[in-house]
Amino acid sequence: MSIRKTMAIFKKQIKDTLKNRTVLIQFIMFPLLTIIINSAMQVEGMPKNYFVVLFATMYIGMAPLTGMAAIISEEKEKNTLRVLMMSNVRAGEYLIGVGAYIFLLCMLGAVVFGIVGDYQGSAMLQFLFVMSIGILTSLLIGAAIGTWSKNQMSATSITIPVMMIFSFLPMLAMFNESIGKVSRFIYSQQINNLMSNIGVLELSFENVFVIAANMAVVIALFVIAYRRSGLA
Amino acid sequence: MEQKNRIVTDHIAMSFQDNVVLQDINVKIEEGEIFGLLGPSGAGKTTLIKILTGQLKQISGTAQVLGMDNRSITREGYAKIGMVLDNTGLYDRLTCWDNLALFTEIYGISKDRIKVVLNKVGLEDATKRSVHKLSKGMKQRLALARAIMHEPEILFLDEPTSGLDPATASYIHQLILEEKGKGTAIFLTTHNMEEATKLCDNVALLNKGQIVEYGYPKNICRKYNFQNKIQLLLKNGESHTLTNDSSSAELIGNYFKNNAVESIHSSEPNLETVFMEITGRRFE
């Protein structure tokens, strides 16, 4: 593994994403929406940080997943990934370079959520830790989708339903118990549960087991996608 | 002086399911040689490039690229290969400079090379221009700049002048010849016969996955000069086709003595005619 090549990919991704509005907007939209709605809407009896937790969960299920899938599938479609592979860049170096960039960008968004939620000290650390687990899982799902897909269109057709499940199910579960019985098996619901208890955070067996099981499944799916399609 | 072999293939064969795309491919490319793989679309040209660059694995036969088996080219090996693929593979949103800067970092070479190669391909004024604003010819030149930036020992060029205007194509030909002059072995695929005749030291005519003729372009043309005729155009507008042997010597001599000859041509076929002669197919 070459750090120089990973950094080269990372830097390329910074320059490229800054000029790619469709990807960039996904990283900005939810933090911005949270700032606006959190300051504009004050409903009596509403749980503290209701909108922060709601939008942060949707952010986790959406931004890293769609960002990673879009970047990889675009590179495959435009043959740039093949050129990188033929220029002696390994799949791991590429994925870490792109993944690290998206992870850091999402963590910047997480900091914004944390500030809006007024988390401080250890509460802020807990919040960022929980966010990072969710972002990492979504990144892996995005990598699996991007690797599986031959082009952007096929990636989008997989990304949208997957992203909707992980983003919206935790929100719908707030209003519907039956949905809650299903959504407890997905990582974004467990992340949502953990974020609702920041400050008095305690990891339950269910939290750890569901998140770990989701990650294991996602890693297995990525391996299958990589063996089927490769990166280039 | 002993030449170094850069690419040697030995009875390479490839198929996708039951569809045979390459059979019994034997080529040898030396240092400083331009080798042209010619054939119509679907003949298997790009498949052979993919095999030689390790993107595909052949079903039988062996290939050595820079002395390495094509199925296990090392990282160091890839650093000695440059490529211009059928699709340029450039980052549209990045500038010419940023596209090349990425590869200086990947190859671990000085950024000074960016300016050198951009000047070389005539894109010095487009340094800060985004790739999506470049013409097709400029994109192709940028792809070539990227391919030669790290001074590779082998250059794979897949249809490098396809769809370009004659002036840009000629510019790219000049660059290819400069690389040959440095000792780079160049593997070129094209279906442009004129380009192949102009540039290549050796060509292979590929038809339905098989090499049907191999050698120096002019030798191939001479070999298939079955008509063996001489065509004379006289100043009075008359045209004469004569056999190319001693029986025509006196008549041709008289035309020249009387200063009557406007032009004289032998009837050697071009590579396209040779291909049609061998396969009965056109080169499209």
# chains A, B, ... in the order shown; residues from 1 in each chain; ligands from 1
$ interface_residues --of "chain B" --to "chain A" --cutoff "6 Å" --atoms "only C-alpha atoms" --output "count of residues only"
7
$ residues_around --residues "B:Met14" --least-positions-apart "5" --cutoff "6 Å" --atoms "only C-alpha atoms" --output "VMD selection string"
chain B and resid 21 to 22 58 to 59
$ select_by_dssp --residues "stretch 58-207 of chain B" --states "strand (DSSP E or B)" --output "CSV table (one decimal) with all heavy atoms, in the first residue's frame"
chain,number,residue,atom,x,y,z
B,60,SER,N,-5.0,-19.3,-23.6
B,60,SER,CA,-3.8,-20.1,-23.8
B,60,SER,C,-2.7,-19.3,-24.4
B,60,SER,O,-3.0,-18.2,-24.9
B,60,SER,CB,-4.1,-21.3,-24.7
B,60,SER,OG,-4.5,-20.9,-26.0
B,61,GLY,N,-1.5,-19.8,-24.4
B,61,GLY,CA,-0.4,-19.0,-24.9
B,61,GLY,C,0.3,-18.2,-23.9
B,61,GLY,O,-0.3,-18.1,-22.7
B,62,THR,N,1.4,-17.6,-24.2
B,62,THR,CA,2.1,-16.8,-23.2
B,62,THR,C,2.5,-15.4,-23.8
B,62,THR,O,2.6,-15.3,-25.1
B,62,THR,CB,3.4,-17.4,-22.7
B,62,THR,OG1,4.3,-17.7,-23.8
B,62,THR,CG2,3.1,-18.7,-22.0
B,63,ALA,N,2.7,-14.5,-23.0
B,63,ALA,CA,3.1,-13.2,-23.5
B,63,ALA,C,4.1,-12.6,-22.4
B,63,ALA,O,3.9,-12.7,-21.2
B,63,ALA,CB,2.0,-12.2,-23.6
B,64,GLN,N,5.2,-12.0,-22.9
B,64,GLN,CA,6.2,-11.4,-22.1
B,64,GLN,C,6.1,-9.9,-22.4
B,64,GLN,O,6.2,-9.5,-23.6
B,64,GLN,CB,7.6,-11.9,-22.4
B,64,GLN,CG,7.8,-13.4,-22.1
B,64,GLN,CD,8.0,-13.6,-20.6
B,64,GLN,OE1,8.8,-12.9,-20.0
B,64,GLN,NE2,7.3,-14.6,-20.1
B,65,VAL,N,6.0,-9.1,-21.4
B,65,VAL,CA,6.0,-7.6,-21.5
B,65,VAL,C,7.1,-7.1,-20.6
B,65,VAL,O,7.1,-7.4,-19.4
B,65,VAL,CB,4.6,-7.0,-21.1
B,65,VAL,CG1,4.6,-5.5,-21.2
B,65,VAL,CG2,3.5,-7.6,-22.0
B,68,MET,N,8.4,-9.6,-18.4
B,68,MET,CA,7.5,-10.2,-17.3
B,68,MET,C,6.3,-10.9,-18.0
B,68,MET,O,5.8,-10.4,-19.0
B,68,MET,CB,6.9,-9.0,-16.4
B,68,MET,CG,7.9,-8.4,-15.5
B,68,MET,SD,7.3,-6.9,-14.8
B,68,MET,CE,7.5,-5.7,-16.1
B,69,ASP,N,5.8,-11.9,-17.3
B,69,ASP,CA,4.6,-12.5,-17.8
B,69,ASP,C,3.4,-11.5,-17.7
B,69,ASP,O,3.3,-10.8,-16.7
B,69,ASP,CB,4.2,-13.7,-16.9
B,69,ASP,CG,3.1,-14.6,-17.5
B,69,ASP,OD1,1.9,-14.1,-17.5
B,69,ASP,OD2,3.4,-15.7,-18.0
B,81,ILE,N,5.1,1.5,-18.4
B,81,ILE,CA,4.1,1.4,-19.5
B,81,ILE,C,3.3,2.7,-19.6
B,81,ILE,O,2.8,3.2,-18.6
B,81,ILE,CB,3.2,0.2,-19.3
B,81,ILE,CG1,4.0,-1.1,-19.4
B,81,ILE,CG2,2.1,0.1,-20.4
B,81,ILE,CD1,3.2,-2.4,-19.0
B,82,GLY,N,3.1,3.2,-20.8
B,82,GLY,CA,2.1,4.3,-21.0
B,82,GLY,C,1.0,3.9,-21.9
B,82,GLY,O,1.2,3.0,-22.7
B,83,MET,N,-0.2,4.5,-21.7
B,83,MET,CA,-1.3,4.0,-22.5
B,83,MET,C,-2.2,5.2,-23.0
B,83,MET,O,-2.5,6.1,-22.2
B,83,MET,CB,-2.2,3.1,-21.7
B,83,MET,CG,-1.8,1.6,-21.8
B,83,MET,SD,-2.8,0.7,-20.7
B,83,MET,CE,-1.6,0.3,-19.4
B,84,VAL,N,-2.7,5.1,-24.2
B,84,VAL,CA,-3.8,5.9,-24.6
B,84,VAL,C,-4.9,5.0,-25.0
B,84,VAL,O,-4.7,4.3,-26.1
B,84,VAL,CB,-3.4,6.9,-25.7
B,84,VAL,CG1,-4.6,7.7,-26.2
B,84,VAL,CG2,-2.3,7.8,-25.3
B,95,THR,N,-8.5,20.6,-14.5
B,95,THR,CA,-7.8,21.2,-15.6
B,95,THR,C,-6.8,20.3,-16.2
B,95,THR,O,-6.5,19.2,-15.6
B,95,THR,CB,-7.1,22.5,-15.0
B,95,THR,OG1,-6.1,22.0,-14.0
B,95,THR,CG2,-8.0,23.5,-14.4
B,130,SER,N,-10.3,23.5,-18.1
B,130,SER,CA,-10.9,22.3,-17.7
B,130,SER,C,-11.0,21.4,-19.0
B,130,SER,O,-11.2,21.9,-20.1
B,130,SER,CB,-12.3,22.5,-17.2
B,130,SER,OG,-12.2,23.2,-16.0
B,154,ILE,N,7.3,1.2,-23.0
B,154,ILE,CA,6.3,0.7,-23.9
B,154,ILE,C,5.1,1.7,-23.9
B,154,ILE,O,4.7,2.1,-22.9
B,154,ILE,CB,5.8,-0.7,-23.6
B,154,ILE,CG1,6.9,-1.7,-23.6
B,154,ILE,CG2,4.7,-1.1,-24.6
B,154,ILE,CD1,6.5,-3.1,-23.2
B,155,LEU,N,4.7,2.0,-25.1
B,155,LEU,CA,3.5,2.9,-25.2
B,155,LEU,C,2.4,2.1,-26.0
B,155,LEU,O,2.7,1.7,-27.1
B,155,LEU,CB,3.9,4.1,-26.0
B,155,LEU,CG,3.1,5.4,-25.9
B,155,LEU,CD1,2.8,5.8,-24.5
B,155,LEU,CD2,3.9,6.5,-26.6
B,156,PHE,N,1.3,1.9,-25.4
B,156,PHE,CA,0.1,1.3,-26.1
B,156,PHE,C,-0.8,2.4,-26.5
B,156,PHE,O,-1.3,3.2,-25.7
B,156,PHE,CB,-0.6,0.4,-25.1
B,156,PHE,CG,0.1,-0.9,-24.8
B,156,PHE,CD1,0.8,-1.0,-23.6
B,156,PHE,CD2,0.0,-2.0,-25.7
B,156,PHE,CE1,1.5,-2.2,-23.3
B,156,PHE,CE2,0.7,-3.1,-25.4
B,156,PHE,CZ,1.5,-3.2,-24.2
B,157,LEU,N,-1.0,2.5,-27.8
B,157,LEU,CA,-1.9,3.5,-28.4
B,157,LEU,C,-3.1,2.9,-29.1
B,157,LEU,O,-2.9,2.2,-30.2
B,157,LEU,CB,-1.1,4.4,-29.3
B,157,LEU,CG,0.2,5.1,-28.8
B,157,LEU,CD1,0.9,5.8,-29.9
B,157,LEU,CD2,-0.2,6.0,-27.6
B,158,ASP,N,-4.2,3.0,-28.5
B,158,ASP,CA,-5.4,2.3,-29.1
B,158,ASP,C,-6.2,3.4,-30.0
B,158,ASP,O,-6.8,4.3,-29.4
B,158,ASP,CB,-6.3,1.8,-28.0
B,158,ASP,CG,-7.3,0.8,-28.5
B,158,ASP,OD1,-7.3,0.5,-29.8
B,158,ASP,OD2,-8.2,0.3,-27.7
B,185,ALA,N,9.2,1.4,-27.3
B,185,ALA,CA,8.5,0.5,-28.2
B,185,ALA,C,7.0,0.9,-28.2
B,185,ALA,O,6.4,1.1,-27.2
B,185,ALA,CB,8.6,-1.0,-27.6
B,186,ILE,N,6.5,1.0,-29.4
B,186,ILE,CA,5.1,1.5,-29.5
B,186,ILE,C,4.2,0.5,-30.2
B,186,ILE,O,4.5,0.0,-31.3
B,186,ILE,CB,5.1,2.8,-30.3
B,186,ILE,CG1,5.9,3.9,-29.5
B,186,ILE,CG2,3.6,3.3,-30.6
B,186,ILE,CD1,6.3,5.1,-30.3
B,187,PHE,N,3.1,0.1,-29.4
B,187,PHE,CA,2.1,-0.8,-29.9
B,187,PHE,C,0.9,0.0,-30.3
B,187,PHE,O,0.3,0.6,-29.4
B,187,PHE,CB,1.8,-1.8,-28.8
B,187,PHE,CG,0.9,-2.9,-29.2
B,187,PHE,CD1,1.4,-4.2,-29.3
B,187,PHE,CD2,-0.4,-2.7,-29.5
B,187,PHE,CE1,0.6,-5.3,-29.7
B,187,PHE,CE2,-1.3,-3.8,-29.9
B,187,PHE,CZ,-0.8,-5.1,-30.0
B,188,LEU,N,0.6,0.1,-31.6
B,188,LEU,CA,-0.4,0.9,-32.1
B,188,LEU,C,-1.5,0.1,-32.8
B,188,LEU,O,-1.2,-0.7,-33.6
B,188,LEU,CB,0.3,1.9,-33.2
B,188,LEU,CG,-0.5,2.8,-34.0
B,188,LEU,CD1,-0.9,4.0,-33.3
B,188,LEU,CD2,0.2,3.1,-35.3
B,189,THR,N,-2.7,0.4,-32.4
B,189,THR,CA,-3.8,-0.2,-33.2
B,189,THR,C,-4.5,0.9,-34.0
B,189,THR,O,-4.6,2.0,-33.5
B,189,THR,CB,-4.9,-0.8,-32.3
B,189,THR,OG1,-5.7,0.2,-31.6
B,189,THR,CG2,-4.3,-1.7,-31.2
B,190,THR,N,-4.9,0.5,-35.2
B,190,THR,CA,-5.5,1.5,-36.0
B,190,THR,C,-6.3,0.8,-37.1
B,190,THR,O,-6.0,-0.4,-37.4
B,190,THR,CB,-4.4,2.5,-36.7
B,190,THR,OG1,-5.1,3.4,-37.5
B,190,THR,CG2,-3.4,1.8,-37.5
B,202,ASN,N,6.7,-2.5,-38.4
B,202,ASN,CA,6.1,-3.8,-38.7
B,202,ASN,C,4.6,-3.6,-38.5
B,202,ASN,O,4.2,-2.9,-37.6
B,202,ASN,CB,6.6,-4.9,-37.8
B,202,ASN,CG,8.0,-5.4,-38.3
B,202,ASN,OD1,8.1,-5.8,-39.5
B,202,ASN,ND2,9.0,-5.2,-37.5
B,203,VAL,N,3.8,-4.3,-39.3
B,203,VAL,CA,2.4,-4.4,-39.0
B,203,VAL,C,1.9,-5.8,-39.0
B,203,VAL,O,2.5,-6.7,-39.6
B,203,VAL,CB,1.5,-3.6,-40.1
B,203,VAL,CG1,1.9,-2.1,-40.1
B,203,VAL,CG2,1.7,-4.2,-41.5
B,204,ALA,N,0.8,-6.0,-38.3
B,204,ALA,CA,0.1,-7.3,-38.4
B,204,ALA,C,-1.3,-7.0,-38.8
B,204,ALA,O,-2.0,-6.2,-38.3
B,204,ALA,CB,0.1,-8.0,-37.1
B,205,LEU,N,-1.8,-7.7,-39.9
B,205,LEU,CA,-3.2,-7.6,-40.3
B,205,LEU,C,-4.0,-8.6,-39.6
B,205,LEU,O,-3.8,-9.8,-39.7
B,205,LEU,CB,-3.3,-7.8,-41.8
B,205,LEU,CG,-2.5,-6.8,-42.7
B,205,LEU,CD1,-2.8,-7.1,-44.2
B,205,LEU,CD2,-2.7,-5.4,-42.4
B,206,LEU,N,-5.0,-8.1,-38.8
B,206,LEU,CA,-5.8,-9.0,-38.0
B,206,LEU,C,-7.2,-9.1,-38.6
B,206,LEU,O,-7.8,-8.1,-38.8
B,206,LEU,CB,-5.9,-8.4,-36.6
B,206,LEU,CG,-6.4,-9.2,-35.4
B,206,LEU,CD1,-5.4,-10.4,-35.1
B,206,LEU,CD2,-6.5,-8.4,-34.1
B,207,ASN,N,-7.6,-10.4,-38.8
B,207,ASN,CA,-8.9,-10.6,-39.3
B,207,ASN,C,-9.6,-11.7,-38.5
B,207,ASN,O,-9.0,-12.8,-38.4
B,207,ASN,CB,-8.8,-11.0,-40.8
B,207,ASN,CG,-10.2,-11.2,-41.3
B,207,ASN,OD1,-11.1,-10.4,-41.2
B,207,ASN,ND2,-10.4,-12.3,-42.0
$ select_by_dssp --residues "stretch 6-241 of chain B" --states "alpha helix (DSSP H)" --output "JSON, numbers by chain"
{"B": [45, 46, 47, 48, 49, 50, 51, 52, 75, 76, 77, 78, 96, 97, 98, 99, 100, 101, 102, 103, 104, 105, 106, 107, 112, 113, 114, 115, 116, 117, 118, 119, 120, 136, 137, 138, 139, 140, 141, 142, 143, 144, 145, 146, 147, 148, 166, 167, 168, 169, 170, 171, 172, 173, 174, 175, 176, 177, 178, 179, 180, 181, 193, 194, 195, 196, 197, 198, 199, 217, 218, 219, 220, 221, 222, 223]}
$ write_last_selection --atoms "C-alpha atoms" --output "compact mmCIF listing (two decimals), in the first residue's frame"
# COMPACT_ATOMS: atom_id res chain seq x y z
CA LYS B 45 -7.23 -5.34 -31.50
CA THR B 46 -8.35 -3.89 -28.18
CA THR B 47 -8.65 -7.37 -26.68
CA LEU B 48 -4.97 -7.99 -27.44
CA ILE B 49 -4.00 -4.69 -25.78
CA LYS B 50 -6.04 -5.67 -22.73
CA ILE B 51 -4.28 -9.03 -22.58
CA LEU B 52 -0.83 -7.48 -22.92
CA ARG B 75 4.04 -2.35 -9.96
CA GLU B 76 7.47 -1.42 -11.32
CA GLY B 77 6.45 -2.91 -14.65
CA TYR B 78 3.30 -0.79 -14.90
CA CYS B 96 -5.09 19.89 -17.90
CA TRP B 97 -2.55 20.69 -15.20
CA ASP B 98 -4.51 18.89 -12.46
CA ASN B 99 -5.04 15.84 -14.66
CA LEU B 100 -1.30 15.53 -15.14
CA ALA B 101 -0.44 16.53 -11.55
CA LEU B 102 -2.36 13.49 -10.31
CA PHE B 103 -0.12 11.22 -12.34
CA THR B 104 3.13 12.95 -11.34
CA GLU B 105 2.15 12.08 -7.77
CA ILE B 106 1.19 8.52 -8.66
CA TYR B 107 4.47 7.94 -10.52
CA ASP B 112 8.31 20.04 -13.79
CA ARG B 113 7.45 17.29 -16.27
CA ILE B 114 3.91 18.69 -16.60
CA LYS B 115 5.10 21.84 -18.31
CA VAL B 116 7.51 19.89 -20.49
CA VAL B 117 4.86 17.50 -21.83
CA LEU B 118 2.16 20.16 -22.17
CA ASN B 119 4.58 22.17 -24.33
CA LYS B 120 5.43 19.06 -26.27
CA LYS B 136 -11.49 16.09 -29.10
CA GLY B 137 -8.05 16.58 -30.63
CA MET B 138 -6.83 18.50 -27.57
CA LYS B 139 -8.14 15.77 -25.27
CA GLN B 140 -6.30 13.17 -27.30
CA ARG B 141 -3.10 15.20 -27.07
CA LEU B 142 -3.57 15.55 -23.32
CA ALA B 143 -4.04 11.78 -23.03
CA LEU B 144 -0.83 11.32 -24.98
CA ALA B 145 0.94 13.81 -22.70
CA ARG B 146 -0.18 11.77 -19.70
CA ALA B 147 1.00 8.55 -21.36
CA ILE B 148 4.52 9.83 -22.11
CA PRO B 166 -5.69 15.65 -40.48
CA ALA B 167 -3.62 18.44 -38.91
CA THR B 168 -4.05 17.08 -35.36
CA ALA B 169 -3.47 13.52 -36.57
CA SER B 170 -0.25 14.62 -38.23
CA TYR B 171 0.82 16.37 -35.03
CA ILE B 172 0.24 13.17 -33.08
CA HIS B 173 2.18 11.16 -35.68
CA GLN B 174 5.12 13.49 -35.11
CA LEU B 175 4.94 12.93 -31.35
CA ILE B 176 4.79 9.17 -31.84
CA LEU B 177 7.90 9.27 -34.03
CA GLU B 178 9.70 11.35 -31.39
CA GLU B 179 8.93 8.69 -28.78
CA LYS B 180 10.20 5.99 -31.13
CA GLY B 181 13.40 8.02 -31.49
CA MET B 193 -3.83 2.16 -43.47
CA GLU B 194 -2.09 5.37 -44.43
CA GLU B 195 -1.16 6.00 -40.81
CA ALA B 196 0.20 2.48 -40.47
CA THR B 197 2.27 2.71 -43.63
CA LYS B 198 3.68 6.06 -42.58
CA LEU B 199 4.56 5.16 -39.00
CA PRO B 217 4.33 -2.57 -44.66
CA LYS B 218 6.10 -1.97 -47.98
CA ASN B 219 7.29 -5.57 -48.15
CA ILE B 220 3.74 -6.77 -47.59
CA CYS B 221 2.49 -4.53 -50.39
CA ARG B 222 5.23 -5.75 -52.73
CA LYS B 223 4.42 -9.37 -51.87
$ residues_around --residues "A:Ser132" --least-positions-apart "3" --cutoff "9 Å" --atoms "only C-alpha atoms" --output "list of chain:residue names"
A:Ile60, A:Phe103, A:Cys106, A:Met107, A:Ala110, A:Phe127, A:Leu128, A:Phe129, A:Ile135, A:Leu136, A:Thr137
$ write_last_selection --atoms "N, CA and C atoms" --output "PDB file, in the first residue's frame"
ATOM      1  N   ILE A  60     -26.567  10.346   7.437  1.00  0.00           N
ATOM      2  CA  ILE A  60     -25.744   9.126   7.469  1.00  0.00           C
ATOM      3  C   ILE A  60     -26.190   8.145   6.384  1.00  0.00           C
ATOM      4  N   PHE A 103     -15.285  10.402   4.002  1.00  0.00           N
ATOM      5  CA  PHE A 103     -15.433  10.257   5.451  1.00  0.00           C
ATOM      6  C   PHE A 103     -15.154  11.598   6.151  1.00  0.00           C
ATOM      7  N   CYS A 106     -17.892  14.102   5.466  1.00  0.00           N
ATOM      8  CA  CYS A 106     -19.096  13.782   6.254  1.00  0.00           C
ATOM      9  C   CYS A 106     -18.878  14.113   7.731  1.00  0.00           C
ATOM     10  N   MET A 107     -17.664  13.905   8.202  1.00  0.00           N
ATOM     11  CA  MET A 107     -17.391  14.218   9.612  1.00  0.00           C
ATOM     12  C   MET A 107     -17.443  15.721   9.860  1.00  0.00           C
ATOM     13  N   ALA A 110     -20.863  16.244  10.378  1.00  0.00           N
ATOM     14  CA  ALA A 110     -21.218  15.756  11.718  1.00  0.00           C
ATOM     15  C   ALA A 110     -20.900  16.807  12.776  1.00  0.00           C
ATOM     16  N   PHE A 127     -21.200  11.875  20.261  1.00  0.00           N
ATOM     17  CA  PHE A 127     -21.992  12.123  19.052  1.00  0.00           C
ATOM     18  C   PHE A 127     -21.160  11.847  17.790  1.00  0.00           C
ATOM     19  N   LEU A 128     -19.931  12.374  17.770  1.00  0.00           N
ATOM     20  CA  LEU A 128     -19.074  12.187  16.589  1.00  0.00           C
ATOM     21  C   LEU A 128     -18.694  10.720  16.421  1.00  0.00           C
ATOM     22  N   PHE A 129     -18.493  10.033  17.548  1.00  0.00           N
ATOM     23  CA  PHE A 129     -18.147   8.606  17.475  1.00  0.00           C
ATOM     24  C   PHE A 129     -19.304   7.813  16.840  1.00  0.00           C
ATOM     25  N   ILE A 135     -21.402   6.601   9.330  1.00  0.00           N
ATOM     26  CA  ILE A 135     -20.827   7.069   8.063  1.00  0.00           C
ATOM     27  C   ILE A 135     -19.975   5.971   7.431  1.00  0.00           C
ATOM     28  N   LEU A 136     -19.183   5.297   8.263  1.00  0.00           N
ATOM     29  CA  LEU A 136     -18.305   4.231   7.771  1.00  0.00           C
ATOM     30  C   LEU A 136     -19.127   3.096   7.136  1.00  0.00           C
ATOM     31  N   THR A 137     -20.217   2.725   7.799  1.00  0.00           N
ATOM     32  CA  THR A 137     -21.056   1.643   7.258  1.00  0.00           C
ATOM     33  C   THR A 137     -21.663   2.068   5.922  1.00  0.00           C
TER      34      THR A 137
END
$ residues_around --residues "A:Ala212" --least-positions-apart "2" --cutoff "12 Å" --atoms "only C-alpha atoms" --output "JSON list (two decimals) with N, CA and C atoms, in the first residue's frame"
[["chain", "number", "residue", "atom", "x", "y", "z"],
["A", 133, "ILE", "N", -19.38, 5.81, 13.04],
["A", 133, "ILE", "CA", -19.71, 4.40, 12.79],
["A", 133, "ILE", "C", -20.75, 4.30, 11.66],
["A", 134, "GLY", "N", -21.74, 5.16, 11.73],
["A", 134, "GLY", "CA", -22.79, 5.16, 10.70],
["A", 134, "GLY", "C", -22.24, 5.56, 9.34],
["A", 136, "LEU", "N", -19.18, 5.30, 8.26],
["A", 136, "LEU", "CA", -18.31, 4.23, 7.77],
["A", 136, "LEU", "C", -19.13, 3.10, 7.14],
["A", 137, "THR", "N", -20.22, 2.73, 7.80],
["A", 137, "THR", "CA", -21.06, 1.64, 7.26],
["A", 137, "THR", "C", -21.66, 2.07, 5.92],
["A", 185, "PHE", "N", -33.50, -3.69, 12.79],
["A", 185, "PHE", "CA", -32.46, -4.57, 12.25],
["A", 185, "PHE", "C", -31.51, -3.86, 11.30],
["A", 186, "ILE", "N", -31.72, -2.58, 11.10],
["A", 186, "ILE", "CA", -30.78, -1.86, 10.23],
["A", 186, "ILE", "C", -29.92, -0.91, 11.07],
["A", 187, "TYR", "N", -28.68, -0.71, 10.59],
["A", 187, "TYR", "CA", -27.71, 0.06, 11.37],
["A", 187, "TYR", "C", -28.14, 1.50, 11.60],
["A", 188, "SER", "N", -28.81, 2.11, 10.60],
["A", 188, "SER", "CA", -29.16, 3.52, 10.76],
["A", 188, "SER", "C", -30.19, 3.72, 11.89],
["A", 190, "GLN", "N", -30.24, 1.83, 14.63],
["A", 190, "GLN", "CA", -29.45, 1.70, 15.87],
["A", 190, "GLN", "C", -28.64, 2.97, 16.12],
["A", 191, "ILE", "N", -28.11, 3.55, 15.03],
["A", 191, "ILE", "CA", -27.37, 4.81, 15.16],
["A", 191, "ILE", "C", -28.32, 5.90, 15.66],
["A", 205, "PHE", "N", -26.42, -4.65, 23.78],
["A", 205, "PHE", "CA", -26.05, -5.78, 22.93],
["A", 205, "PHE", "C", -26.70, -5.63, 21.55],
["A", 206, "GLU", "N", -27.96, -5.17, 21.57],
["A", 206, "GLU", "CA", -28.67, -5.02, 20.29],
["A", 206, "GLU", "C", -27.98, -4.01, 19.39],
["A", 207, "ASN", "N", -27.57, -2.85, 19.97],
["A", 207, "ASN", "CA", -26.86, -1.84, 19.17],
["A", 207, "ASN", "C", -25.64, -2.45, 18.49],
["A", 208, "VAL", "N", -24.80, -3.05, 19.32],
["A", 208, "VAL", "CA", -23.51, -3.56, 18.82],
["A", 208, "VAL", "C", -23.75, -4.70, 17.82],
["A", 209, "PHE", "N", -24.64, -5.60, 18.17],
["A", 209, "PHE", "CA", -24.86, -6.77, 17.31],
["A", 209, "PHE", "C", -25.42, -6.37, 15.95],
["A", 210, "VAL", "N", -26.42, -5.50, 15.94],
["A", 210, "VAL", "CA", -27.05, -5.11, 14.66],
["A", 210, "VAL", "C", -26.06, -4.35, 13.79],
["A", 214, "ASN", "N", -24.68, -5.72, 10.31],
["A", 214, "ASN", "CA", -24.87, -4.94, 9.09],
["A", 214, "ASN", "C", -23.53, -4.73, 8.38],
["A", 215, "MET", "N", -22.51, -4.39, 9.16],
["A", 215, "MET", "CA", -21.18, -4.16, 8.58],
["A", 215, "MET", "C", -20.65, -5.42, 7.93],
["A", 216, "ALA", "N", -20.83, -6.56, 8.61],
["A", 216, "ALA", "CA", -20.33, -7.84, 8.07],
["A", 216, "ALA", "C", -21.02, -8.15, 6.74],
["A", 217, "VAL", "N", -22.33, -7.91, 6.69],
["A", 217, "VAL", "CA", -23.08, -8.18, 5.45],
["A", 217, "VAL", "C", -22.58, -7.25, 4.33],
["A", 218, "VAL", "N", -22.37, -5.98, 4.70],
["A", 218, "VAL", "CA", -21.93, -5.00, 3.70],
["A", 218, "VAL", "C", -20.54, -5.37, 3.16],
["A", 219, "ILE", "N", -19.65, -5.77, 4.07],
["A", 219, "ILE", "CA", -18.30, -6.17, 3.63],
["A", 219, "ILE", "C", -18.40, -7.38, 2.69]]
$ atom_distance --atom1 "atom CA of B:Cys200" --atom2 "atom CA of B:Asn225"
19.8 Å
$ closest_residue --among "A:Ile72, A:Ile36, A:Met62, A:Met174" --to "A:Val162" --atoms "only C-alpha atoms"
A:Met62
